[in-house]
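> File my_file-v2.cif below, mmCIF, C-alpha atoms:
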data_upload
loop_
_atom_site.label_atom_id
_atom_site.label_comp_id
_atom_site.auth_asym_id
_atom_site.auth_seq_id
_atom_site.Cartn_x
_atom_site.Cartn_y
_atom_site.Cartn_z
CA MET A 151 20.98 5.00 -17.39
CA PRO A 152 18.52 7.76 -18.29
CA THR A 153 19.91 10.72 -20.16
CA LEU A 154 19.38 14.38 -19.33
CA PHE A 155 16.74 14.60 -22.06
CA THR A 156 14.87 11.64 -20.58
CA LYS A 157 14.84 13.17 -17.10
CA TYR A 158 13.75 16.52 -18.53
CA PHE A 159 10.94 14.83 -20.45
CA GLN A 160 9.85 12.94 -17.32
CA ARG A 161 9.67 16.14 -15.30
CA ARG A 162 7.67 17.98 -17.99
CA LEU A 163 5.31 15.04 -18.41
CA SER A 164 4.79 14.73 -14.66
CA THR A 165 4.12 18.47 -14.32
CA TRP A 166 1.64 18.44 -17.21
CA LEU A 167 -0.20 15.39 -15.84
CA ASP A 168 -0.39 16.92 -12.35
CA LYS A 169 -2.30 19.85 -13.84
CA ARG A 170 -4.47 17.87 -16.25
CA VAL A 171 -5.16 14.80 -14.06
CA PRO A 172 -4.60 15.80 -10.40
CA ALA A 173 -3.81 13.17 -7.78
CA SER A 174 -6.83 11.78 -5.96
CA GLN A 175 -7.82 8.62 -4.12
CA GLU A 176 -10.86 8.29 -6.38
CA HIS A 177 -10.98 8.97 -10.13
CA HIS A 178 -14.03 9.31 -12.37
CA LEU A 179 -12.76 9.48 -15.95
CA ASN A 180 -13.81 12.44 -18.08
CA LEU A 181 -12.76 14.26 -21.24
CA ASN A 182 -9.62 15.74 -19.63
CA SER A 183 -8.26 12.45 -18.34
CA ILE A 184 -8.80 10.21 -21.39
CA PHE A 185 -6.46 9.85 -24.38
CA ILE A 186 -7.34 7.85 -27.48
CA LEU A 187 -5.46 6.79 -30.63
CA PRO A 188 -5.79 3.93 -33.13
CA SER A 189 -4.10 0.73 -32.08
CA GLY A 190 -1.72 -1.24 -34.30
CA PHE A 191 -4.66 -3.22 -35.63
CA GLY A 192 -6.57 0.06 -36.10
CA TRP A 193 -3.80 1.59 -38.23
CA SER A 194 -3.73 -1.57 -40.36
CA PHE A 195 -7.50 -1.28 -40.78
CA ILE A 196 -7.15 2.36 -41.88
CA ILE A 197 -4.45 1.48 -44.42
CA LEU A 198 -6.63 -1.32 -45.77
CA SER A 199 -9.57 1.07 -46.16
CA LEU A 200 -7.39 3.56 -48.07
CA CYS A 201 -6.09 0.82 -50.35
CA LEU A 202 -9.66 -0.31 -51.09
CA PHE A 203 -10.66 3.28 -51.86
CA LEU A 204 -7.70 3.75 -54.25
CA LEU A 205 -8.36 0.47 -56.00
CA GLY A 206 -12.08 1.20 -56.31
CA THR A 207 -11.36 4.66 -57.71
CA ASN A 208 -8.73 3.40 -60.12
CA TYR A 209 -10.84 0.56 -61.51
CA GLN A 210 -14.17 2.39 -61.05
CA ASN A 211 -15.50 -0.48 -58.95
CA ASN A 212 -18.52 0.68 -56.97
CA LEU A 213 -18.59 -2.41 -54.75
CA MET A 214 -15.00 -1.82 -53.67
CA LEU A 215 -15.77 1.85 -53.00
CA LEU A 216 -18.79 0.83 -50.95
CA LEU A 217 -16.62 -1.56 -48.96
CA SER A 218 -14.08 1.19 -48.24
CA TYR A 219 -16.89 3.51 -47.07
CA LEU A 220 -18.22 0.72 -44.83
CA CYS A 221 -14.78 0.28 -43.26
CA LEU A 222 -14.53 4.03 -42.71
CA SER A 223 -17.94 4.12 -40.99
CA ILE A 224 -16.89 1.24 -38.74
CA MET A 225 -13.78 3.17 -37.73
CA LEU A 226 -15.82 6.28 -36.88
CA LEU A 227 -18.47 4.39 -34.90
CA THR A 228 -15.81 2.44 -33.01
CA LEU A 229 -14.03 5.69 -32.15
CA PHE A 230 -17.06 7.09 -30.33
CA TYR A 231 -18.10 3.81 -28.72
CA THR A 232 -14.59 3.04 -27.44
CA HIS A 233 -14.30 6.49 -25.87
CA GLN A 234 -17.83 6.32 -24.42
CA ASN A 235 -17.17 2.91 -22.86
CA PHE A 236 -13.88 3.99 -21.24
CA ALA A 237 -15.45 7.22 -19.95
CA ARG A 238 -17.72 5.10 -17.71
CA LEU A 239 -14.76 3.83 -15.70
CA ALA A 240 -14.36 4.96 -12.09
CA LEU A 241 -11.65 3.64 -9.76
CA LYS A 242 -10.97 4.02 -6.06
CA ALA A 243 -7.68 3.05 -4.39
CA LEU A 244 -7.45 1.38 -0.99
CA PRO A 245 -4.46 2.14 1.29
CA PRO A 246 -1.69 -0.33 0.40
CA THR A 247 -0.36 -2.74 3.00
CA SER A 248 3.28 -2.47 4.00
CA PHE A 249 5.68 -5.12 2.72
CA HIS A 250 9.38 -5.96 2.79
CA CYS A 251 11.67 -4.69 0.04
CA ASN A 252 12.63 -8.25 -0.97
CA GLN A 253 8.96 -9.15 -1.48
CA ASN A 254 6.16 -8.03 -3.77
CA GLY A 255 3.39 -5.83 -2.50
CA GLU A 256 0.16 -4.77 -4.13
CA ILE A 257 -2.31 -1.93 -4.31
CA GLN A 258 -6.03 -2.64 -4.51
CA LEU A 259 -8.24 -0.71 -6.94
CA GLN A 260 -12.01 -0.89 -6.68
CA VAL A 261 -14.18 -0.46 -9.78
CA ILE A 262 -17.04 1.73 -8.60
CA PRO A 263 -20.07 3.22 -10.41
CA HIS A 264 -19.29 6.39 -12.33
CA VAL A 265 -20.85 9.58 -11.06
CA ASN A 266 -22.16 10.41 -14.55
CA ALA A 267 -23.18 6.87 -15.54
CA GLN A 268 -24.88 5.19 -12.61
CA SER A 269 -26.83 2.67 -14.72
CA LYS A 270 -23.99 1.73 -17.10
CA CYS A 271 -20.49 0.46 -16.54
CA CYS A 272 -17.24 -0.02 -18.39
CA ASN A 273 -16.78 -3.30 -20.26
CA GLY A 274 -13.85 -5.18 -21.70
CA THR A 275 -10.35 -5.83 -20.38
CA LEU A 276 -8.21 -3.28 -18.55
CA PHE A 277 -4.46 -3.21 -19.19
CA ILE A 278 -2.65 -1.71 -16.18
CA LYS A 279 1.04 -0.98 -15.75
CA TRP A 280 3.07 1.47 -13.70
CA LEU A 281 4.13 4.67 -15.44
CA THR A 282 6.33 5.56 -12.44
CA VAL A 283 6.33 3.38 -9.34
CA VAL A 284 7.46 6.25 -7.12
CA ARG A 285 6.33 9.83 -7.65
CA HIS A 286 9.07 11.85 -9.30
CA THR A 287 10.94 14.32 -7.14
CA ASP A 288 14.46 15.64 -7.56
CA THR A 289 15.79 13.22 -4.93
CA GLN A 290 14.04 10.21 -6.37
CA LEU A 291 15.21 11.03 -9.88
CA GLU A 292 18.73 11.05 -8.51
CA TYR A 293 18.19 7.57 -7.09
CA LEU A 294 16.85 6.38 -10.41
CA SER A 295 19.81 7.79 -12.30
CA ASN A 296 22.34 6.34 -9.88
CA GLY A 297 20.75 2.93 -9.89
CA ARG A 298 20.12 3.04 -6.13
CA HIS A 299 16.41 2.51 -6.57
CA ALA A 300 15.22 -0.26 -8.88
CA SER A 301 11.73 0.41 -10.11
CA ALA A 302 9.27 -2.28 -11.06
CA PRO A 303 9.58 -3.75 -14.55
CA GLN A 304 7.27 -2.32 -17.20
CA GLN A 305 4.93 -5.29 -17.08
CA SER A 306 1.28 -4.98 -18.02
CA TYR A 307 -1.41 -6.67 -15.94
CA ASN A 308 -4.74 -7.64 -17.49
CA PHE A 309 -8.05 -7.49 -15.61
CA SER A 310 -11.37 -8.53 -17.14
CA LEU A 311 -14.24 -6.34 -15.99
CA ILE A 312 -17.34 -8.18 -14.81
CA GLY A 313 -19.64 -5.63 -16.49
CA ASN A 314 -21.90 -5.18 -13.46
CA SER A 315 -22.81 -1.68 -12.32
CA LYS A 316 -24.53 -2.67 -9.07
CA ARG A 317 -23.07 -0.94 -6.05
CA GLU A 318 -23.22 -4.06 -3.88
CA GLN A 319 -20.93 -5.96 -6.28
CA ILE A 320 -17.75 -3.92 -6.39
CA GLN A 321 -14.87 -5.51 -8.31
CA THR A 322 -11.39 -5.30 -6.80
CA LEU A 323 -8.23 -5.25 -8.92
CA ASN A 324 -4.96 -6.25 -7.22
CA VAL A 325 -2.08 -4.49 -8.98
CA PRO A 326 1.40 -5.84 -8.02
CA LEU A 327 3.91 -3.38 -6.61
CA GLN A 328 7.69 -3.79 -6.43
CA ILE A 329 10.04 -1.40 -4.61
CA SER A 330 13.54 -2.67 -3.87
CA ARG A 331 14.49 0.03 -1.33
CA ARG A 332 13.21 0.46 2.23
CA GLY A 333 11.52 3.66 3.28
CA GLN A 334 8.25 5.53 3.01
CA PHE A 335 7.31 6.27 -0.60
CA ILE A 336 4.62 8.22 -2.39
CA LEU A 337 3.34 5.99 -5.17
CA GLY A 338 3.46 7.35 -8.70
CA ARG A 339 1.12 7.08 -11.64
CA MET A 340 -0.18 3.99 -13.34
CA THR A 341 -1.30 3.69 -16.96
CA ILE A 342 -4.76 2.18 -17.45
CA ALA A 343 -5.87 1.28 -20.99
CA CYS A 344 -8.77 -0.46 -22.73
CA ASP A 345 -9.44 -1.33 -26.40
CA PHE A 346 -13.05 -2.51 -26.13
CA PRO A 347 -15.00 -3.40 -28.29
CA LEU A 348 -13.10 -4.20 -31.53
CA GLY A 349 -9.51 -3.33 -30.64
CA LEU A 350 -9.33 -0.67 -33.36
CA TYR A 351 -8.71 2.13 -30.84
CA LYS A 352 -6.86 2.24 -27.57
CA CYS A 353 -8.08 4.49 -24.77
CA TRP A 354 -5.72 5.14 -21.90
CA THR A 355 -5.14 7.40 -18.92
CA HIS A 356 -2.42 8.08 -16.34
CA LEU A 357 -3.88 8.14 -12.82
CA ASP A 358 -2.22 9.10 -9.54
CA PHE A 359 -4.16 7.70 -6.56
CA ASP A 360 -2.29 9.76 -3.96
CA GLN A 361 -1.17 6.77 -1.88
CA GLN A 362 1.82 6.20 0.38
CA VAL A 363 3.39 2.91 1.37
CA VAL A 364 6.02 1.95 3.94
CA VAL A 365 8.50 -0.59 2.57
CA TYR A 366 10.14 -2.57 5.37
CA ALA A 367 13.79 -3.54 5.30
CA LYS A 368 14.85 -7.01 4.27
CA PRO A 369 15.00 -9.27 7.36
CA GLN A 370 18.45 -10.76 7.75
CA GLU A 371 20.42 -12.27 10.62
CA GLY A 372 23.02 -9.98 12.16
CA PRO A 373 24.91 -9.02 15.33
CA ILE A 374 22.18 -8.26 17.88
CA THR A 375 22.98 -7.13 21.42
CA ILE A 376 20.33 -8.01 24.02
CA ASP A 377 20.15 -6.02 27.27
CA LYS A 378 17.70 -6.91 30.03
CA LEU A 379 15.94 -4.04 31.77
CA PRO A 380 15.61 -4.21 35.57
CA ASN A 381 12.05 -4.61 36.83
CA ALA A 382 11.87 -1.76 39.34
CA ASP A 383 8.24 -0.74 38.93
CA GLU A 384 6.71 -3.44 41.17
CA PRO A 385 9.16 -5.29 43.41
CA ASP A 386 6.44 -7.48 44.86
CA SER A 387 4.95 -9.83 42.32
CA VAL A 388 1.90 -10.56 44.44
CA SER A 389 -0.71 -7.80 44.67
CA GLU A 390 -4.32 -7.42 45.63
CA ILE A 391 -6.10 -5.84 42.71
CA ILE A 392 -9.49 -4.20 42.67
CA ASP A 393 -10.81 -5.51 39.36
CA PRO A 394 -11.37 -9.29 39.58
CA THR A 395 -12.07 -9.48 35.83
CA SER A 396 -8.54 -8.44 34.87
CA ASN A 397 -6.03 -10.72 33.18
CA GLU A 398 -4.12 -11.37 36.45
CA ASP A 399 -3.91 -14.95 37.76
CA PHE A 400 -5.46 -16.02 41.04
CA TYR A 401 -2.87 -16.36 43.82
CA ALA A 402 -4.41 -16.99 47.26
CA LEU A 403 -7.29 -16.34 49.68
CA ASN A 404 -6.82 -14.01 52.66
CA ASP A 405 -9.03 -13.09 55.58
CA TYR A 406 -11.42 -10.30 54.75
CA GLU A 407 -10.66 -6.99 56.40
CA ILE A 408 -13.28 -4.36 57.07
CA GLY A 409 -13.15 -1.62 54.45
CA GLN A 410 -12.01 -3.77 51.53
CA PRO A 411 -14.18 -3.62 48.38
CA LEU A 412 -16.95 -6.20 48.24
CA ASN A 413 -16.03 -7.22 44.69
CA ARG A 414 -12.89 -8.87 46.10
CA VAL A 415 -14.91 -11.10 48.41
CA SER A 416 -15.08 -14.82 47.55
CA TRP A 417 -18.83 -15.25 47.76
CA LYS A 418 -18.62 -19.00 47.17
CA HIS A 419 -16.78 -19.47 50.46
CA VAL A 420 -19.13 -17.12 52.25
CA ALA A 421 -22.16 -19.11 51.08
CA LYS A 422 -20.50 -22.43 51.84
CA ASN A 423 -19.15 -22.00 55.36
CA GLY A 424 -19.82 -18.38 56.28
CA ASN A 425 -16.16 -17.38 56.36
CA TRP A 426 -15.44 -14.03 54.73
CA VAL A 427 -12.27 -14.21 52.64
CA SER A 428 -10.86 -11.94 49.90
CA LYS A 429 -9.04 -12.88 46.74
CA SER A 430 -5.44 -12.02 45.93
CA PHE A 431 -3.96 -12.13 42.47
CA THR A 432 -0.44 -12.48 41.16
CA SER A 433 0.96 -10.05 38.63
CA LEU A 434 2.93 -12.18 36.19
CA GLN A 435 5.18 -9.70 34.43
CA SER A 436 7.37 -10.56 31.51
CA ASP A 437 10.99 -9.54 31.44
CA SER A 438 11.76 -6.57 29.21
CA PHE A 439 14.73 -6.45 26.87
CA VAL A 440 16.31 -3.86 24.62
CA LEU A 441 17.68 -4.91 21.23
CA SER A 442 20.57 -2.97 19.78
CA VAL A 443 23.36 -3.22 17.22
CA PRO A 444 26.91 -1.87 17.61
CA SER A 445 27.20 1.56 16.02
CA SER A 446 30.22 0.39 14.06
CA GLU A 447 28.03 -1.83 11.89
CA ASP A 448 26.75 -0.67 8.54
CA VAL A 449 23.35 1.02 8.67
CA GLU A 450 21.66 -1.37 6.24
CA THR A 451 23.12 -4.40 8.03
CA ALA A 452 21.94 -3.07 11.39
CA VAL A 453 18.44 -2.25 10.13
CA SER A 454 18.08 -5.69 8.50
CA ALA A 455 19.27 -7.43 11.67
CA LEU A 456 16.86 -5.44 13.88
CA THR A 457 14.04 -6.16 11.43
CA GLN A 458 14.69 -9.89 11.67
CA ALA A 459 14.90 -9.69 15.47
CA THR A 460 11.63 -7.73 15.63
CA ILE A 461 9.78 -10.40 13.67
CA SER A 462 11.30 -13.25 15.71
CA TRP A 463 10.62 -11.68 19.09
CA THR A 464 7.05 -10.78 18.16
CA THR A 465 6.43 -14.36 17.02
CA THR A 466 7.45 -15.62 20.48
CA ASN A 467 5.34 -12.86 22.16
CA ARG A 468 8.23 -11.34 24.10
CA VAL A 469 8.62 -7.80 25.44
CA PHE A 470 11.37 -5.83 23.75
CA GLY A 471 12.45 -2.36 22.71
CA ILE A 472 14.96 -1.06 20.17
CA GLN A 473 17.89 1.32 20.56
CA TYR A 474 20.15 2.22 17.66
CA LYS A 475 21.82 5.60 17.26
CA GLY A 476 18.96 8.14 17.17
CA LEU A 477 16.23 5.49 17.24
CA ASN A 478 14.67 4.75 20.65
CA ILE A 479 11.57 2.59 20.97
CA ALA A 480 10.22 1.71 24.42
CA PRO A 481 9.67 -1.97 25.31
CA ALA A 482 6.29 -3.43 24.43
CA GLN A 483 4.85 -6.44 22.64
CA GLY A 484 2.20 -7.39 20.13
CA ALA A 485 1.42 -6.88 16.45
CA LYS A 486 0.95 -3.12 16.83
CA HIS A 487 4.36 -2.77 18.47
CA MET A 488 5.93 -4.83 15.68
CA GLY A 489 4.38 -2.54 13.06
CA GLU A 490 5.75 0.54 14.84
CA CYS A 491 9.21 -0.98 15.06
CA LEU A 492 9.30 -2.10 11.43
CA SER A 493 8.05 1.29 10.21
CA ALA A 494 10.61 3.15 12.30
CA LEU A 495 13.41 0.91 11.03
CA ALA A 496 12.22 1.29 7.43
CA CYS A 497 12.31 5.10 7.63
CA PHE A 498 15.52 5.29 9.64
CA ASN A 499 18.42 7.02 7.95
CA ASP A 500 21.33 8.75 9.64
CA SER A 501 22.51 10.43 6.41
CA PRO A 502 20.58 13.59 5.43
CA THR A 503 21.65 13.32 1.79
CA LEU A 504 19.90 10.00 1.25
CA ALA A 505 16.36 10.87 2.24
CA SER A 506 14.33 8.27 0.42
CA ALA A 507 11.07 9.11 2.14
CA PRO A 508 9.03 12.25 2.69
CA SER A 509 9.54 11.90 6.44
CA SER A 510 12.68 9.85 6.92
CA LYS A 511 13.89 11.37 10.17
CA PRO A 512 14.70 8.94 13.00
CA VAL A 513 11.60 7.97 14.91
CA SER A 514 11.75 8.16 18.70
CA ILE A 515 9.19 6.42 20.88
CA SER A 516 10.80 6.97 24.23
CA SER A 517 7.81 7.05 26.55
CA VAL A 518 8.28 4.30 29.11
CA GLN A 519 5.25 2.06 29.42
CA LYS A 520 4.66 1.01 33.01
CA LYS A 521 3.63 -2.56 33.70
CA THR A 522 0.14 -2.20 35.10
CA GLY A 523 -1.03 -5.69 34.35
CA ALA A 524 -0.12 -8.98 32.79
CA TYR A 525 1.67 -8.76 29.44
#
Represent the structure contained in this file as structure tokens.

Amino acid sequence: MPTLFTKYFQRRLSTWLDKRVPASQEHHLNLNSIFILPSGFGWSFIILSLCLFLLGTNYQNNLMLLLSYLCLSIMLLTLFYTHQNFARLALKALPPTSFHCNQNGEIQLQVIPHVNAQSKCCNGTLFIKWLTVVRHTDTQLEYLSNGRHASAPQQSYNFSLIGNSKREQIQTLNVPLQISRRGQFILGRMTIACDFPLGLYKCWTHLDFDQQVVVYAKPQEGPITIDKLPNADEPDSVSEIIDPTSNEDFYALNDYEIGQPLNRVSWKHVAKNGNWVSKSFTSLQSDSFVLSVPSSEDVETAVSALTQATISWTTTNRVFGIQYKGLNIAPAQGAKHMGECLSALACFNDSPTLASAPSSKPVSISSVQKKTGAY
């Protein structure tokens, strides 16, 4: 459990980084955003150089002094070259895809040409890990301190750069993302480091790509109540429609009446026997249902059950809506409807003190969609 000093340090660090390295979807590294220090191997190399210098001075050995000066020159040259190489790095973040809280997501970073180094590119291996998975706010720090939100482990991911600066060959880095709580989150900063070429120095930066992600609830079976909506929009299932290219199914042929549109005429029958007939089509409408959960159930249990039902009903291509407390979603079907339902369930929260997302108010999609064609 983080102490008060740790939380204070996190806030000060986040405030300082927001001023020095502002959030942006695209970062071109410069002097303000790069930090550099000797690595563990670099400090060992410095200590070795000092020992050689002391031994050469003590025993008046010119060769040993020359070797210590050579090591010192290598350290200085590597310092400038390591910084220059890392300063050529430019990254652009793509919008992350939503995922379930019991699964692992990812954010894609594209290595693009630097605005100040079009002909050269960064080389070596990038070491990427999350500094903070979720951007620090007072509410989110409370979740972290109470253990309600489990952040991703501090694991470093290695990506070897292809060393090609051509614009048509953009390298994509897939950085894993783990958030164990449903909701809409603003992603935090990630630490990106490189020790090319000799590993004597380590350059790093903390970048915020200003991205948001919706984390769906964990799908789990639960008590679902299914209510069928009456089909009162079109009592007659057989209708004569104007557009013969619609998705309606052919039903029958009727005698042509004067004044009907010519695009409803069956020209094959007219050419065959001279009888003018018009086409009729049947409107095959799917039954609509509303999925709900008793209000006495726990919120997380209800949201997980509705999430599982949403996925199952979309897989079978059925028409459904959702009603639960303040959440009202009109019946529809398809992948887009499933995304709307899962997002609304992920951001749903009936307790104002547990707002895990920037906009976690109940979502209401209550506009009734009339059945004007085949589902």
> Using only C-alpha atoms, can you tell me which of A:Ser442, A:Asn266, A:Ser310, A:Ser183 comes closest to A:Leu456?
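Once distances to A:Leu456 are computed over only C-alpha atoms, the minimum belongs to A:Ser442.
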> Determine, counting all atoms listed in the file, which protein, DNA and RNA residues have an atom within 6 Å of an atom of stretch 185-188 of chain A; residues of the same chain fewer than 4 positions away are not included. Present the result as a ChimeraX atom specification.
/A:192-193,350-354
> One decimal, Å: what's the distance from atom CA of A:Trp280 over to atom CA of A:Arg331, could you say?
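According to the coordinates, atom CA of A:Trp280 and atom CA of A:Arg331 are separated by 16.9 Å.
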> Restricting the calculation to all atoms listed in the file: of A:Leu222, A:Gln253, A:Arg332, A:Leu357, which residue gets closest to A:Ala240?
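Closest candidate: A:Leu357.
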> Nearest residue to A:Ser164 out of A:Val443, A:Val284, A:Val415, A:Ala494, using only C-alpha atoms?
A:Val284
